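Shown next, in structure tokens, is the structure this report addresses.
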Amino acid sequence: MTLQTQPVDRSLWFQTALLPDGWARDVRIGVAKGRIATLETGVARAATDGGGGVALPGMTNLHSHAFQRAMAGLTEARGPGGQTGGDRSGGDDDFWTWRALMYRFLDRGGPHEIEAITALAFMEMLEGGFTRVCEFHYLHNDPSGAAYGDVAEIAGRIVAAAQATGIGLTLLPVFYAHAGFGGQPPSHGQRRFVTDLDGFAKLVGRCRDLTAGLADAVVGVAPHSLRAVAPDELTAMPDLAGDGPIHIHVAEQIREVEDCLAWSGARPVEWLLEHAPVDARWCLIHSTHVTPAEWGGIVDRQAVVGLCPITEANLGDGVFPAADFARAGGRFGIGTDSNVQIGVAEELRMLEYSQRLTLRGRAVMADAQRSTGRALYARALAGGAQAGGAQAGLAPGAPADIVALDVEGIAFAGRGGDAVLDSWIFGAPRGAVRSVWRAGREVVTAGRHVAREAIEARYRQALARILDGPAA
């Protein structure tokens with residue numbers, strides 16, 4: 001079989017590839033101008049073909065705060081608990097004490113440091129099988145809280161990091177104005193995030209200018225949360241988004257639910273569905289604490305739920321009812337959020353295992369036609385693409401975003417079809433990703449990003465300045 005859209009610049013051949021209608025053998029993918037131009041199955045490898053191994057469509061990381069990558073491992077000491085109420089029994093440390101440490105971390109770090117940290121995170125995403133990132137960008141001001149001369153100074157650094165690494169970028173500038181429900185004034189720790197509607201409109205426009213030369217970049221908007229955005233401000237977000245996606249944190253913690261009830265008489269997702277035009281453009285990040293009626297409303301609106309299983313576990317947030325949601329036709333994707341660890345297989349594994357622990361069953365996310373790994377991958381691929389405002393999948397016309405697994409490893413011995421995905425997600429060590437092509441350019445080879453040494457060196461220098469430098 002041959003599918004063709006235009007002449008090719010180069011061709012890649014794979015022993016097996018996961019196509020939209022299932023697995024195919026002996027697959028040649030022709031690439032032209034960063035997109036899949038031709039696709040042949042059942043063909044022999046030619047001398048001029050690159051590639052090799054098992055090809056998967058590249059995954060979208062639908063939620064990232066790249067600057068938090070530098071904090072990984074630095075927030076694991078117990079602190080005074082900040083959460084009140086709810087059914088907590090796990091100790092004195094929670095999301096709110098983690099957030100206080102994050103605010104102190106932001107006393108340091110200028111544009112150069114943020115760019116270096118972001119580049120490291122984006123590089124690791126590519127090495128872990130992500131080919132696009134939705135960067136939920138809320139670090140707007142300098143460490144003192146003053147505006148930069150260019151309202152998009154840090155956004156420009158994120159774009160530069162995407163250019164340096166080659167990752168696909170969905171840039172989501174964040175609107176953040178308040179410290180709590182009811183329009184509470186922002187705290188000192190939030191000084192780097194705060195903007196107003198006029199300033200935010202300028203920021204969104206500048207983000208569109210900055211990404212104009214970046215291959216298939218997308219710009220949307222991200223009202224941070226119902227805590228940080230007042231109702232009248234939330235109504236402005238769809239127009240500012242234009243055709244781009246709209247992402248929002250919602251119902252991540254029990255305290256957030258309780259505070260929302262105290263403020264409005266409704267739970268966060270309940271309030272959002274009643275007062276905002278939630279539809280397929282929206283991505284509701286976390287949605288951890290939802291009722292069946294609430295997640296049913298998300299299904300009806302065809303919005304995506306953004307799950308970040310490793311971060312949600314790290315922060316002790318709780319577990320979203322993903323199994324019931326998926327069986328009802330709910331759409332979800334995966335994100336790395338705080339970037340404490342970065343990898344497609346790791347996030348999908350944590351997602352499935354959290355459901356197993358909650359429901360005390362196995363193969364919870366599998367369905368009648370697909371294994372656990374295949375079902376997880378397919379659903380996260382579709383949900384991530386929707387949330388990122390981009391196309392995904394190995395098909396003519398789609399971006400040539402391809403992840404090749406090294407199936408020579410012992411974890412893949414005797415495996416084929418869905419068992420390859422299951423073995424990668426649940427049984428293989430890190431390093432199973434051999435090569436990654438993003439928009440037809442090979443950015444990861446032999447498991448390493450082509451610019452890893454330079455990106456890593458710059459990160460080390462930046463981190464030394466942040467950890468050793470004076471606070472603002």
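Chain labels A, B, ... are given in the sequence in which chains occur in the structure tokens; within each chain residues are numbered consecutively from 1, and ligands are likewise numbered from 1 in the order shown.
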I need the helix (DSSP H, G or I) residues of segment 184-291 of chain A per DSSP on the backbone, written as an mmCIF file with C-alpha atoms, in the first residue's frame.
data_model
loop_
_atom_site.group_PDB
_atom_site.id
_atom_site.type_symbol
_atom_site.label_atom_id
_atom_site.label_comp_id
_atom_site.auth_asym_id
_atom_site.auth_seq_id
_atom_site.Cartn_x
_atom_site.Cartn_y
_atom_site.Cartn_z
ATOM 1 C CA HIS A 188 4.522 38.454 47.454
ATOM 2 C CA GLY A 189 5.340 34.932 46.273
ATOM 3 C CA GLN A 190 3.162 35.427 43.207
ATOM 4 C CA LEU A 197 -6.015 42.058 31.083
ATOM 5 C CA ASP A 198 -4.410 44.820 29.013
ATOM 6 C CA GLY A 199 -0.925 43.522 29.718
ATOM 7 C CA PHE A 200 -2.037 39.974 29.028
ATOM 8 C CA ALA A 201 -3.533 40.891 25.662
ATOM 9 C CA LYS A 202 -0.175 42.440 24.707
ATOM 10 C CA LEU A 203 1.618 39.307 25.917
ATOM 11 C CA VAL A 204 -0.582 37.015 23.808
ATOM 12 C CA GLY A 205 0.033 39.169 20.761
ATOM 13 C CA ARG A 206 3.780 39.129 21.328
ATOM 14 C CA CYS A 207 3.705 35.344 21.731
ATOM 15 C CA ARG A 208 2.099 35.085 18.304
ATOM 16 C CA ASP A 209 4.832 37.304 16.864
ATOM 17 C CA LEU A 210 7.590 35.272 18.526
ATOM 18 C CA THR A 211 6.297 31.936 17.263
ATOM 19 C CA PRO A 231 -15.198 35.525 36.683
ATOM 20 C CA ASP A 232 -15.177 38.730 34.611
ATOM 21 C CA GLU A 233 -11.559 38.066 33.624
ATOM 22 C CA LEU A 234 -12.340 34.486 32.652
ATOM 23 C CA MET A 237 -10.129 34.351 27.644
ATOM 24 C CA PRO A 238 -11.922 32.699 24.666
ATOM 25 C CA ASP A 239 -11.621 35.803 22.495
ATOM 26 C CA LEU A 240 -7.955 36.202 23.412
ATOM 27 C CA ALA A 241 -7.348 32.548 22.524
ATOM 28 C CA ILE A 254 -9.310 19.081 48.308
ATOM 29 C CA ARG A 255 -8.653 22.517 49.782
ATOM 30 C CA GLU A 256 -9.339 24.090 46.397
ATOM 31 C CA VAL A 257 -12.718 22.341 46.272
ATOM 32 C CA GLU A 258 -13.591 23.484 49.777
ATOM 33 C CA ASP A 259 -12.530 27.071 49.108
ATOM 34 C CA CYS A 260 -14.541 27.151 45.887
ATOM 35 C CA LEU A 261 -17.615 25.849 47.704
ATOM 36 C CA ALA A 262 -17.190 28.510 50.383
ATOM 37 C CA TRP A 263 -16.866 31.231 47.739
ATOM 38 C CA SER A 264 -19.546 30.183 45.249
ATOM 39 C CA PRO A 268 -14.673 24.029 40.817
ATOM 40 C CA VAL A 269 -15.554 21.877 37.788
ATOM 41 C CA GLU A 270 -19.257 22.343 38.480
ATOM 42 C CA TRP A 271 -18.798 26.128 38.543
ATOM 43 C CA LEU A 272 -16.637 26.123 35.411
ATOM 44 C CA LEU A 273 -19.107 24.083 33.373
ATOM 45 C CA GLU A 274 -21.952 26.363 34.414
ATOM 46 C CA HIS A 275 -20.205 29.715 33.860
#
Could the residues of segment 300-404 of chain A that have an atom at most 6 Å from segment 430-445 of chain A be listed as a tab-separated table, each with its closest atom pair and the distance in Å to one decimal, counting only C-alpha atoms and ordered by chain and ascending residue number?
residue	atom	partner	partner_atom	distance
A:Pro399	CA	A:Ala439	CA	5.4
A:Ala400	CA	A:Ala439	CA	4.6
A:Asp401	CA	A:Arg438	CA	4.5
A:Ile402	CA	A:Trp437	CA	5.0
A:Val403	CA	A:Val436	CA	4.6
A:Ala404	CA	A:Ser435	CA	5.1
Same residues, C-alpha atoms, output as a CSV table (one decimal), in the first residue's frame:
chain,number,residue,atom,x,y,z
A,399,PRO,CA,3.9,16.3,11.0
A,400,ALA,CA,6.8,13.8,10.7
A,401,ASP,CA,6.9,13.4,14.5
A,402,ILE,CA,8.2,9.8,14.9
A,403,VAL,CA,9.5,8.0,18.0
A,404,ALA,CA,11.5,4.8,17.3
List every residue of segment 52-233 of chain A that DSSP, applied to the backbone, labels as strand (DSSP E), and write the result as a ChimeraX atom specification.
/A:54-57,59-64,130-137,168-175,218-219,222-223
What's around segment 157-172 of chain A at 9 Å? Count only C-alpha atoms, leave out sequence neighbours fewer than 5 positions away in its own chain, and write the answer as a tab-separated table (two decimals) with C-alpha atoms, in the first residue's frame.
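Okay, this is what ended up in out_23.tsv:
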chain	number	residue	atom	x	y	z
A	60	THR	CA	2.12	15.64	23.05
A	62	LEU	CA	-0.05	18.64	27.32
A	66	ALA	CA	9.56	23.79	32.38
A	111	PRO	CA	15.91	35.12	31.51
A	112	HIS	CA	19.19	33.33	30.74
A	114	ILE	CA	15.04	30.20	32.65
A	115	GLU	CA	16.00	29.57	29.03
A	116	ALA	CA	18.71	27.09	30.05
A	117	ILE	CA	16.39	25.17	32.39
A	118	THR	CA	13.64	25.12	29.77
A	119	ALA	CA	16.01	23.79	27.11
A	120	LEU	CA	17.06	20.95	29.41
A	122	PHE	CA	12.49	20.16	26.43
A	123	MET	CA	15.51	18.03	25.52
A	125	MET	CA	11.00	15.38	26.79
A	126	LEU	CA	12.24	14.51	23.32
A	130	PHE	CA	7.38	13.57	23.62
A	131	THR	CA	7.54	15.54	20.37
A	132	ARG	CA	5.35	18.52	21.33
A	133	VAL	CA	4.94	20.40	24.59
A	134	CYS	CA	2.12	22.63	25.83
A	135	GLU	CA	4.12	25.07	27.93
A	136	PHE	CA	1.85	26.58	30.60
A	137	HIS	CA	3.89	29.76	30.88
A	138	TYR	CA	3.21	31.93	33.93
A	152	ALA	CA	7.24	38.63	26.44
A	204	VAL	CA	-0.58	37.01	23.81
A	207	CYS	CA	3.70	35.34	21.73
A	208	ARG	CA	2.10	35.09	18.30
A	210	LEU	CA	7.59	35.27	18.53
A	211	THR	CA	6.30	31.94	17.26
A	214	LEU	CA	8.59	28.39	14.42
A	215	ALA	CA	7.39	25.33	12.49
A	216	ASP	CA	3.73	24.52	13.30
A	217	ALA	CA	3.79	26.41	16.60
A	218	VAL	CA	0.44	27.06	18.31
A	219	VAL	CA	-0.50	29.86	20.70
A	220	GLY	CA	-3.42	29.57	23.10
A	221	VAL	CA	-4.19	31.01	26.52
A	222	ALA	CA	-4.24	29.66	30.05
A	244	GLY	CA	-5.98	28.34	19.96
A	245	PRO	CA	-6.60	26.05	22.93
A	246	ILE	CA	-7.61	27.16	26.43
A	247	HIS	CA	-6.06	25.39	29.42
A	388	GLY	CA	-2.14	21.04	21.82
A	389	GLY	CA	-4.09	22.28	18.82
A	390	ALA	CA	-1.98	20.11	16.53
A	401	ASP	CA	6.93	13.39	14.49
A	438	ARG	CA	10.51	16.01	15.02
A	439	ALA	CA	9.11	17.62	11.85
A	441	ARG	CA	14.55	16.23	11.68
A	443	VAL	CA	16.79	15.26	17.16
A	449	HIS	CA	19.59	14.44	22.00
A	450	VAL	CA	21.95	15.68	19.31
A	451	ALA	CA	22.77	18.81	21.37
A	452	ARG	CA	22.76	17.21	24.83
A	455	ILE	CA	22.36	22.04	26.67
So that I can check the surroundings of segment 371-384 of chain A, please list as a compact mmCIF listing (two decimals) with N, CA and C atoms, in the first residue's frame every protein, DNA and RNA residue that reaches within 7 Å of it, counting only C-alpha atoms and ignoring chain neighbours fewer than 5 positions away.
# COMPACT_ATOMS: atom_id res chain seq x y z
N MET A 59 4.22 11.82 20.85
CA MET A 59 3.22 12.18 21.85
C MET A 59 3.32 13.66 22.22
N THR A 60 2.16 14.28 22.51
CA THR A 60 2.12 15.64 23.05
C THR A 60 2.17 15.59 24.57
N ASN A 61 3.05 16.39 25.14
CA ASN A 61 3.09 16.64 26.58
C ASN A 61 2.16 17.84 26.80
N LEU A 62 0.95 17.58 27.33
CA LEU A 62 -0.05 18.64 27.32
C LEU A 62 0.02 19.58 28.52
N VAL A 304 -10.87 18.09 27.02
CA VAL A 304 -9.82 17.15 27.40
C VAL A 304 -9.46 17.34 28.87
N ARG A 331 -12.09 12.21 27.03
CA ARG A 331 -10.82 12.47 26.35
C ARG A 331 -9.79 12.94 27.36
N PHE A 332 -8.60 12.34 27.31
CA PHE A 332 -7.53 12.76 28.22
C PHE A 332 -6.19 12.69 27.51
N GLY A 333 -5.24 13.43 28.06
CA GLY A 333 -3.86 13.35 27.63
C GLY A 333 -2.97 13.38 28.86
N ILE A 334 -1.66 13.29 28.63
CA ILE A 334 -0.73 13.26 29.75
C ILE A 334 0.24 14.44 29.66
N LEU A 348 2.47 7.18 31.59
CA LEU A 348 1.41 6.21 31.32
C LEU A 348 1.41 5.08 32.34
N ALA A 363 -5.08 -4.26 34.51
CA ALA A 363 -5.42 -3.90 33.13
C ALA A 363 -6.65 -3.00 33.09
N MET A 365 -7.13 0.17 32.26
CA MET A 365 -7.37 1.08 31.14
C MET A 365 -7.42 0.36 29.79
N ALA A 366 -7.28 -0.95 29.78
CA ALA A 366 -7.41 -1.70 28.54
C ALA A 366 -8.87 -1.71 28.08
N ASP A 418 0.81 -5.10 20.14
CA ASP A 418 0.53 -4.36 21.38
C ASP A 418 1.50 -4.70 22.50
N LEU A 421 4.26 -2.11 23.05
CA LEU A 421 3.89 -0.96 23.88
C LEU A 421 3.79 -1.36 25.35
N ASP A 422 3.18 -2.50 25.63
CA ASP A 422 3.08 -2.96 27.02
C ASP A 422 4.46 -3.15 27.64
N ILE A 425 6.11 0.34 28.29
CA ILE A 425 5.52 1.10 29.40
C ILE A 425 5.72 0.41 30.74
Would you mind listing what lies within 12 Å of Ala47 of chain A as an MDAnalysis selection string, with only C-alpha atoms counted and same-chain residues fewer than 3 positions away left out?
chainID A and resid 10:13 44 50:51
Prev. selection, N, CA and C atoms, output as a PDB file, in the first residue's frame:
ATOM      1  N   ARG A  10      13.375  12.833   2.090  1.00  0.00           N
ATOM      2  CA  ARG A  10      14.109  11.688   2.634  1.00  0.00           C
ATOM      3  C   ARG A  10      13.097  10.615   3.021  1.00  0.00           C
ATOM      4  N   SER A  11      13.585   9.410   3.255  1.00  0.00           N
ATOM      5  CA  SER A  11      12.686   8.321   3.618  1.00  0.00           C
ATOM      6  C   SER A  11      13.248   7.561   4.817  1.00  0.00           C
ATOM      7  N   LEU A  12      12.327   7.088   5.637  1.00  0.00           N
ATOM      8  CA  LEU A  12      12.644   6.317   6.837  1.00  0.00           C
ATOM      9  C   LEU A  12      11.895   4.996   6.758  1.00  0.00           C
ATOM     10  N   TRP A  13      12.582   3.918   7.141  1.00  0.00           N
ATOM     11  CA  TRP A  13      11.969   2.592   7.076  1.00  0.00           C
ATOM     12  C   TRP A  13      11.975   1.970   8.464  1.00  0.00           C
ATOM     13  N   ALA A  44      10.400  -3.598   1.156  1.00  0.00           N
ATOM     14  CA  ALA A  44      11.743  -3.880   1.648  1.00  0.00           C
ATOM     15  C   ALA A  44      12.495  -2.582   1.912  1.00  0.00           C
ATOM     16  N   GLY A  50      16.677   5.733   6.032  1.00  0.00           N
ATOM     17  CA  GLY A  50      17.081   5.816   7.426  1.00  0.00           C
ATOM     18  C   GLY A  50      16.103   5.037   8.283  1.00  0.00           C
ATOM     19  N   GLY A  51      16.109   5.338   9.577  1.00  0.00           N
ATOM     20  CA  GLY A  51      15.136   4.725  10.477  1.00  0.00           C
ATOM     21  C   GLY A  51      15.576   3.389  11.012  1.00  0.00           C
TER      22      GLY A  51
END
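When only C-alpha atoms are used to compute distances to Val250 of chain A, the closest of the residues A:Arg356, A:Arg448, A:His286, A:Arg267 turns out to be A:His286.
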Looking at only C-alpha atoms, which of A:Pro292, A:Gly297, A:Ala266, A:Glu252 is the one that sits closest to Asp317 of chain A?
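Between A:Pro292, A:Gly297, A:Ala266, A:Glu252, the residue approaching Asp317 of chain A most closely is A:Glu252.
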Record the distance separating atom CA of Val194 of chain A and atom CA of Ser144 of chain A, expressed in Å with one decimal.
11.8 Å
Distance of atom CA of Pro321 of chain A from atom CA of Thr358 of chain A, expressed in Å to one decimal place:
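Distance reported for this atom pair: 8.9 Å.
Neighbours of Thr336 of chain A closer than or equal to 9 Å, with only C-alpha atoms counted and sequence neighbours fewer than 2 positions away skipped, come out as Asn61, Leu62, His63, Ser64, His65, Ala66, Met125, Leu307, Cys308, Pro309, Ile310, Thr311, Ile334, Ser338, Asn339, Val340, Gln341, Ile342, Gly343, Val344 and Glu347 of chain A.
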If you measure from atom CA of Gly42 of chain A to atom CA of Gly409 of chain A, what distance in Å do you get, rounded to one decimal?
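Computing the Euclidean distance for atom CA of Gly42 of chain A and atom CA of Gly409 of chain A yields 24.2 Å.
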Go through A:Glu153, A:Arg192, A:Glu456, A:Arg28 one by one, measure the shortest atom-to-atom distance of each to Asp107 of chain A using only C-alpha atoms, and give the residue with the smallest value.
A:Arg192
If we count only C-alpha atoms, what is near Val54 of chain A at a cut-off of 7 Å, once residues fewer than 4 positions away on the same chain are taken out, given as a ChimeraX atom specification?
/A:14-17,404-405,407
